[in-house]
Amino acid sequence: MSAATGVDARGGVAVCSRAGCRAESLWQVVWRNPRIHDASRRKIWAACAEHVDYLREYLASRAFPVEVVAMPDAAPDDSANALPDATVKADS
């Protein structure tokens, strides 16, 4: 797996960024650290359905701007890909 992309080299599948999780990712947790990066610098963590809330809350608790979006290749009619109820979208 590439640490930079969260993509498993064996199958090209994005895996969850949560430590120890190898599940396929359905979400992108997009964030940045405003203390060291300007608004143009954003990082992306991949997240499975089980860990998307954990990863989002981890970043939001540190006052990082964070947004959750579906993976680009996620099927639009798949109910497992519906945006989490508590999606955080922060500006700045």
# chains A, B, ... in the order shown; residues from 1 in each chain; ligands from 1

$ residues_around --residues "Glu50 of chain A" --least-positions-apart "4" --cutoff "12 Å" --atoms "only C-alpha atoms" --output "CSV table (one decimal) with all heavy atoms, in the first residue's frame"
chain,number,residue,atom,x,y,z
A,16,CYS,N,-8.7,2.0,4.1
A,16,CYS,CA,-9.0,2.9,5.2
A,16,CYS,C,-7.6,3.4,5.8
A,16,CYS,O,-6.7,2.6,6.0
A,16,CYS,CB,-9.9,2.3,6.2
A,16,CYS,SG,-10.3,3.4,7.6
A,17,SER,N,-7.6,4.7,6.2
A,17,SER,CA,-6.4,5.2,6.8
A,17,SER,C,-6.3,5.0,8.3
A,17,SER,O,-5.3,5.3,8.9
A,17,SER,CB,-6.3,6.7,6.5
A,17,SER,OG,-6.2,7.0,5.2
A,18,ARG,N,-7.4,4.5,8.9
A,18,ARG,CA,-7.4,4.2,10.3
A,18,ARG,C,-6.4,3.1,10.6
A,18,ARG,O,-6.3,2.1,9.9
A,18,ARG,CB,-8.8,3.7,10.8
A,18,ARG,CG,-8.9,3.3,12.2
A,18,ARG,CD,-8.9,4.5,13.2
A,18,ARG,NE,-9.4,4.1,14.5
A,18,ARG,CZ,-8.6,4.0,15.5
A,18,ARG,NH1,-7.3,4.2,15.5
A,18,ARG,NH2,-9.1,3.6,16.7
A,21,CYS,N,-6.7,-0.9,10.1
A,21,CYS,CA,-7.9,-1.2,9.3
A,21,CYS,C,-7.4,-1.5,7.8
A,21,CYS,O,-6.7,-0.7,7.2
A,21,CYS,CB,-8.9,-0.1,9.3
A,21,CYS,SG,-10.4,-0.5,8.4
A,22,ARG,N,-7.9,-2.5,7.2
A,22,ARG,CA,-7.6,-2.9,5.8
A,22,ARG,C,-8.8,-2.9,5.0
A,22,ARG,O,-8.8,-3.4,3.9
A,22,ARG,CB,-6.9,-4.2,5.8
A,22,ARG,CG,-5.7,-4.4,6.7
A,22,ARG,CD,-4.6,-3.5,6.4
A,22,ARG,NE,-4.1,-3.6,5.1
A,22,ARG,CZ,-3.5,-2.6,4.4
A,22,ARG,NH1,-3.3,-1.5,5.0
A,22,ARG,NH2,-3.1,-2.7,3.2
A,23,ALA,N,-9.9,-2.3,5.5
A,23,ALA,CA,-11.2,-2.3,4.7
A,23,ALA,C,-11.1,-1.3,3.6
A,23,ALA,O,-10.4,-0.3,3.6
A,23,ALA,CB,-12.3,-1.9,5.7
A,24,GLU,N,-11.9,-1.6,2.6
A,24,GLU,CA,-12.0,-0.7,1.4
A,24,GLU,C,-12.7,0.6,1.8
A,24,GLU,O,-13.6,0.6,2.6
A,24,GLU,CB,-12.9,-1.4,0.3
A,24,GLU,CG,-13.0,-0.5,-0.9
A,24,GLU,CD,-13.8,-1.2,-2.0
A,24,GLU,OE1,-14.2,-2.4,-1.9
A,24,GLU,OE2,-14.1,-0.5,-3.0
A,25,SER,N,-12.1,1.7,1.3
A,25,SER,CA,-12.6,3.0,1.6
A,25,SER,C,-13.8,3.4,0.7
A,25,SER,O,-13.7,3.2,-0.5
A,25,SER,CB,-11.5,4.0,1.5
A,25,SER,OG,-10.5,3.7,2.4
A,26,LEU,N,-14.8,4.1,1.3
A,26,LEU,CA,-15.9,4.6,0.6
A,26,LEU,C,-15.9,6.1,0.7
A,26,LEU,O,-16.6,6.8,-0.1
A,26,LEU,CB,-17.2,4.1,1.2
A,26,LEU,CG,-17.4,2.6,1.3
A,26,LEU,CD1,-18.7,2.3,2.1
A,26,LEU,CD2,-17.5,2.1,-0.1
A,27,TRP,N,-15.0,6.7,1.5
A,27,TRP,CA,-15.0,8.1,1.8
A,27,TRP,C,-13.6,8.7,1.7
A,27,TRP,O,-12.6,8.1,2.0
A,27,TRP,CB,-15.5,8.4,3.2
A,27,TRP,CG,-16.9,7.8,3.4
A,27,TRP,CD1,-17.2,6.7,4.1
A,27,TRP,CD2,-18.1,8.4,2.9
A,27,TRP,NE1,-18.6,6.5,4.0
A,27,TRP,CE2,-19.1,7.5,3.3
A,27,TRP,CE3,-18.4,9.5,2.2
A,27,TRP,CZ2,-20.5,7.7,3.0
A,27,TRP,CZ3,-19.7,9.7,1.9
A,27,TRP,CH2,-20.7,8.9,2.3
A,46,ALA,N,-8.3,8.3,3.4
A,46,ALA,CA,-9.3,7.4,3.0
A,46,ALA,C,-10.0,6.8,4.2
A,46,ALA,O,-9.4,6.6,5.2
A,46,ALA,CB,-8.7,6.3,2.1
A,54,TYR,N,-14.9,8.5,13.1
A,54,TYR,CA,-13.8,8.6,14.0
A,54,TYR,C,-12.7,9.5,13.4
A,54,TYR,O,-12.2,10.4,14.1
A,54,TYR,CB,-13.2,7.2,14.2
A,54,TYR,CG,-11.9,7.2,15.0
A,54,TYR,CD1,-11.9,7.3,16.4
A,54,TYR,CD2,-10.7,7.3,14.3
A,54,TYR,CE1,-10.7,7.4,17.1
A,54,TYR,CE2,-9.5,7.4,15.0
A,54,TYR,CZ,-9.5,7.4,16.4
A,54,TYR,OH,-8.3,7.5,17.1
A,55,LEU,N,-12.4,9.3,12.1
A,55,LEU,CA,-11.3,10.1,11.5
A,55,LEU,C,-11.7,11.6,11.4
A,55,LEU,O,-11.0,12.5,11.7
A,55,LEU,CB,-11.0,9.5,10.1
A,55,LEU,CG,-10.3,8.2,10.1
A,55,LEU,CD1,-10.2,7.6,8.7
A,55,LEU,CD2,-8.9,8.2,10.8
A,56,ARG,N,-13.0,11.8,11.0
A,56,ARG,CA,-13.5,13.2,10.9
A,56,ARG,C,-13.5,13.9,12.3
A,56,ARG,O,-13.0,15.0,12.4
A,56,ARG,CB,-14.9,13.2,10.3
A,56,ARG,CG,-15.5,14.6,10.2
A,56,ARG,CD,-17.0,14.6,9.8
A,56,ARG,NE,-17.7,14.0,10.9
A,56,ARG,CZ,-18.6,13.0,10.7
A,56,ARG,NH1,-18.8,12.5,9.4
A,56,ARG,NH2,-19.3,12.5,11.6
A,80,ALA,N,-24.7,2.4,1.1
A,80,ALA,CA,-23.6,2.5,2.0
A,80,ALA,C,-22.7,3.7,1.8
A,80,ALA,O,-21.9,4.1,2.6
A,80,ALA,CB,-22.8,1.2,1.8
A,81,ASN,N,-22.9,4.3,0.6
A,81,ASN,CA,-22.1,5.5,0.3
A,81,ASN,C,-22.8,6.8,0.6
A,81,ASN,O,-22.3,7.9,0.3
A,81,ASN,CB,-21.8,5.5,-1.2
A,81,ASN,CG,-20.8,4.4,-1.6
A,81,ASN,OD1,-20.2,3.8,-0.7
A,81,ASN,ND2,-20.8,4.0,-2.8
A,84,PRO,N,-22.4,10.5,5.7
A,84,PRO,CA,-22.8,10.4,7.1
A,84,PRO,C,-23.6,11.5,7.6
A,84,PRO,O,-23.5,12.6,7.2
A,84,PRO,CB,-21.4,10.4,7.8
A,84,PRO,CG,-20.4,10.0,6.7
A,84,PRO,CD,-21.0,10.6,5.5

$ closest_residue --among "A:Arg62, A:Gly12, A:Ile44, A:Glu57" --to "Trp31 of chain A" --atoms "only C-alpha atoms"
A:Ile44

$ select_by_dssp --residues "segment 30-82 of chain A" --states "alpha helix (DSSP H)" --output "list in words"
Val52, Asp53, Tyr54, Leu55, Arg56, Glu57, Tyr58, Leu59 and Ala60 of chain A

$ atom_distance --atom1 "atom CA of Pro65 of chain A" --atom2 "atom CA of Val30 of chain A"
8.2 Å

$ residues_around --residues "segment 41-43 of chain A" --least-positions-apart "4" --cutoff "12 Å" --atoms "only C-alpha atoms" --output "PDB file with N, CA, C and O atoms, in the first residue's frame"
ATOM      1  N   ALA A   4       1.137   7.394   0.885  1.00  0.00           N
ATOM      2  CA  ALA A   4       0.709   8.714   0.423  1.00  0.00           C
ATOM      3  C   ALA A   4      -0.715   8.704  -0.115  1.00  0.00           C
ATOM      4  O   ALA A   4      -1.438   9.669   0.025  1.00  0.00           O
ATOM      5  N   THR A   5      -1.124   7.613  -0.735  1.00  0.00           N
ATOM      6  CA  THR A   5      -2.426   7.591  -1.373  1.00  0.00           C
ATOM      7  C   THR A   5      -3.440   6.697  -0.693  1.00  0.00           C
ATOM      8  O   THR A   5      -4.624   6.810  -0.952  1.00  0.00           O
ATOM      9  N   GLY A   6      -3.006   5.781   0.155  1.00  0.00           N
ATOM     10  CA  GLY A   6      -3.921   4.842   0.773  1.00  0.00           C
ATOM     11  C   GLY A   6      -4.422   3.803  -0.206  1.00  0.00           C
ATOM     12  O   GLY A   6      -5.417   3.147   0.033  1.00  0.00           O
ATOM     13  N   SER A  17      -7.572   4.657   6.167  1.00  0.00           N
ATOM     14  CA  SER A  17      -6.378   5.232   6.784  1.00  0.00           C
ATOM     15  C   SER A  17      -6.314   4.988   8.293  1.00  0.00           C
ATOM     16  O   SER A  17      -5.288   5.266   8.911  1.00  0.00           O
ATOM     17  N   GLN A  28     -13.586  10.023   1.446  1.00  0.00           N
ATOM     18  CA  GLN A  28     -12.363  10.818   1.526  1.00  0.00           C
ATOM     19  C   GLN A  28     -12.576  11.840   2.629  1.00  0.00           C
ATOM     20  O   GLN A  28     -13.564  12.585   2.613  1.00  0.00           O
ATOM     21  N   VAL A  29     -11.674  11.867   3.591  1.00  0.00           N
ATOM     22  CA  VAL A  29     -11.700  12.868   4.644  1.00  0.00           C
ATOM     23  C   VAL A  29     -10.647  13.904   4.249  1.00  0.00           C
ATOM     24  O   VAL A  29      -9.452  13.642   4.301  1.00  0.00           O
ATOM     25  N   VAL A  30     -11.105  15.055   3.784  1.00  0.00           N
ATOM     26  CA  VAL A  30     -10.238  16.096   3.246  1.00  0.00           C
ATOM     27  C   VAL A  30      -9.993  17.124   4.352  1.00  0.00           C
ATOM     28  O   VAL A  30     -10.951  17.639   4.942  1.00  0.00           O
ATOM     29  N   TRP A  31      -8.726  17.420   4.628  1.00  0.00           N
ATOM     30  CA  TRP A  31      -8.397  18.296   5.747  1.00  0.00           C
ATOM     31  C   TRP A  31      -7.086  19.024   5.521  1.00  0.00           C
ATOM     32  O   TRP A  31      -6.358  18.738   4.585  1.00  0.00           O
ATOM     33  N   ARG A  32      -6.815  19.978   6.423  1.00  0.00           N
ATOM     34  CA  ARG A  32      -5.522  20.658   6.423  1.00  0.00           C
ATOM     35  C   ARG A  32      -5.253  21.190   7.823  1.00  0.00           C
ATOM     36  O   ARG A  32      -6.160  21.377   8.619  1.00  0.00           O
ATOM     37  N   ASN A  33      -3.994  21.435   8.095  1.00  0.00           N
ATOM     38  CA  ASN A  33      -3.580  22.042   9.348  1.00  0.00           C
ATOM     39  C   ASN A  33      -3.339  23.521   9.069  1.00  0.00           C
ATOM     40  O   ASN A  33      -2.319  23.880   8.474  1.00  0.00           O
ATOM     41  N   PRO A  34      -4.263  24.396   9.475  1.00  0.00           N
ATOM     42  CA  PRO A  34      -4.134  25.815   9.135  1.00  0.00           C
ATOM     43  C   PRO A  34      -2.952  26.509   9.811  1.00  0.00           C
ATOM     44  O   PRO A  34      -2.556  27.585   9.398  1.00  0.00           O
ATOM     45  N   ARG A  35      -2.378  25.891  10.838  1.00  0.00           N
ATOM     46  CA  ARG A  35      -1.224  26.505  11.495  1.00  0.00           C
ATOM     47  C   ARG A  35       0.038  26.406  10.649  1.00  0.00           C
ATOM     48  O   ARG A  35       0.963  27.201  10.807  1.00  0.00           O
ATOM     49  N   ILE A  36       0.076  25.428   9.730  1.00  0.00           N
ATOM     50  CA  ILE A  36       1.290  25.260   8.926  1.00  0.00           C
ATOM     51  C   ILE A  36       1.051  25.263   7.419  1.00  0.00           C
ATOM     52  O   ILE A  36       2.013  25.324   6.663  1.00  0.00           O
ATOM     53  N   HIS A  37      -0.216  25.203   6.982  1.00  0.00           N
ATOM     54  CA  HIS A  37      -0.508  25.190   5.546  1.00  0.00           C
ATOM     55  C   HIS A  37      -1.561  26.226   5.189  1.00  0.00           C
ATOM     56  O   HIS A  37      -2.513  26.426   5.938  1.00  0.00           O
ATOM     57  N   LEU A  59      -9.924  14.848  13.531  1.00  0.00           N
ATOM     58  CA  LEU A  59      -9.409  16.076  12.927  1.00  0.00           C
ATOM     59  C   LEU A  59     -10.174  17.310  13.393  1.00  0.00           C
ATOM     60  O   LEU A  59      -9.580  18.346  13.695  1.00  0.00           O
ATOM     61  N   PHE A  64      -9.084  21.501  12.884  1.00  0.00           N
ATOM     62  CA  PHE A  64      -8.654  21.485  11.491  1.00  0.00           C
ATOM     63  C   PHE A  64      -9.884  21.578  10.599  1.00  0.00           C
ATOM     64  O   PHE A  64     -10.887  20.912  10.859  1.00  0.00           O
ATOM     65  N   PRO A  65      -9.831  22.370   9.548  1.00  0.00           N
ATOM     66  CA  PRO A  65     -10.916  22.346   8.572  1.00  0.00           C
ATOM     67  C   PRO A  65     -10.996  20.939   7.971  1.00  0.00           C
ATOM     68  O   PRO A  65      -9.985  20.379   7.547  1.00  0.00           O
ATOM     69  N   VAL A  66     -12.184  20.367   7.962  1.00  0.00           N
ATOM     70  CA  VAL A  66     -12.350  18.988   7.491  1.00  0.00           C
ATOM     71  C   VAL A  66     -13.668  18.862   6.735  1.00  0.00           C
ATOM     72  O   VAL A  66     -14.651  19.507   7.071  1.00  0.00           O
ATOM     73  N   GLU A  67     -13.636  18.050   5.699  1.00  0.00           N
ATOM     74  CA  GLU A  67     -14.816  17.800   4.876  1.00  0.00           C
ATOM     75  C   GLU A  67     -14.801  16.332   4.485  1.00  0.00           C
ATOM     76  O   GLU A  67     -13.747  15.765   4.206  1.00  0.00           O
ATOM     77  N   VAL A  68     -15.967  15.707   4.460  1.00  0.00           N
ATOM     78  CA  VAL A  68     -16.081  14.312   4.053  1.00  0.00           C
ATOM     79  C   VAL A  68     -16.810  14.260   2.718  1.00  0.00           C
ATOM     80  O   VAL A  68     -17.882  14.841   2.562  1.00  0.00           O
ATOM     81  N   SER A  92     -11.955  27.704   6.095  1.00  0.00           N
ATOM     82  CA  SER A  92     -10.692  28.360   6.477  1.00  0.00           C
ATOM     83  C   SER A  92      -9.615  27.429   6.843  1.00  0.00           C
ATOM     84  O   SER A  92      -9.502  26.370   7.030  1.00  0.00           O
TER      85      SER A  92
END

$ atom_distance --atom1 "atom CA of Ala70 of chain A" --atom2 "atom CA of Ala14 of chain A"
12.1 Å

$ atom_distance --atom1 "atom CA of Ala49 of chain A" --atom2 "atom CA of Val13 of chain A"
14.7 Å
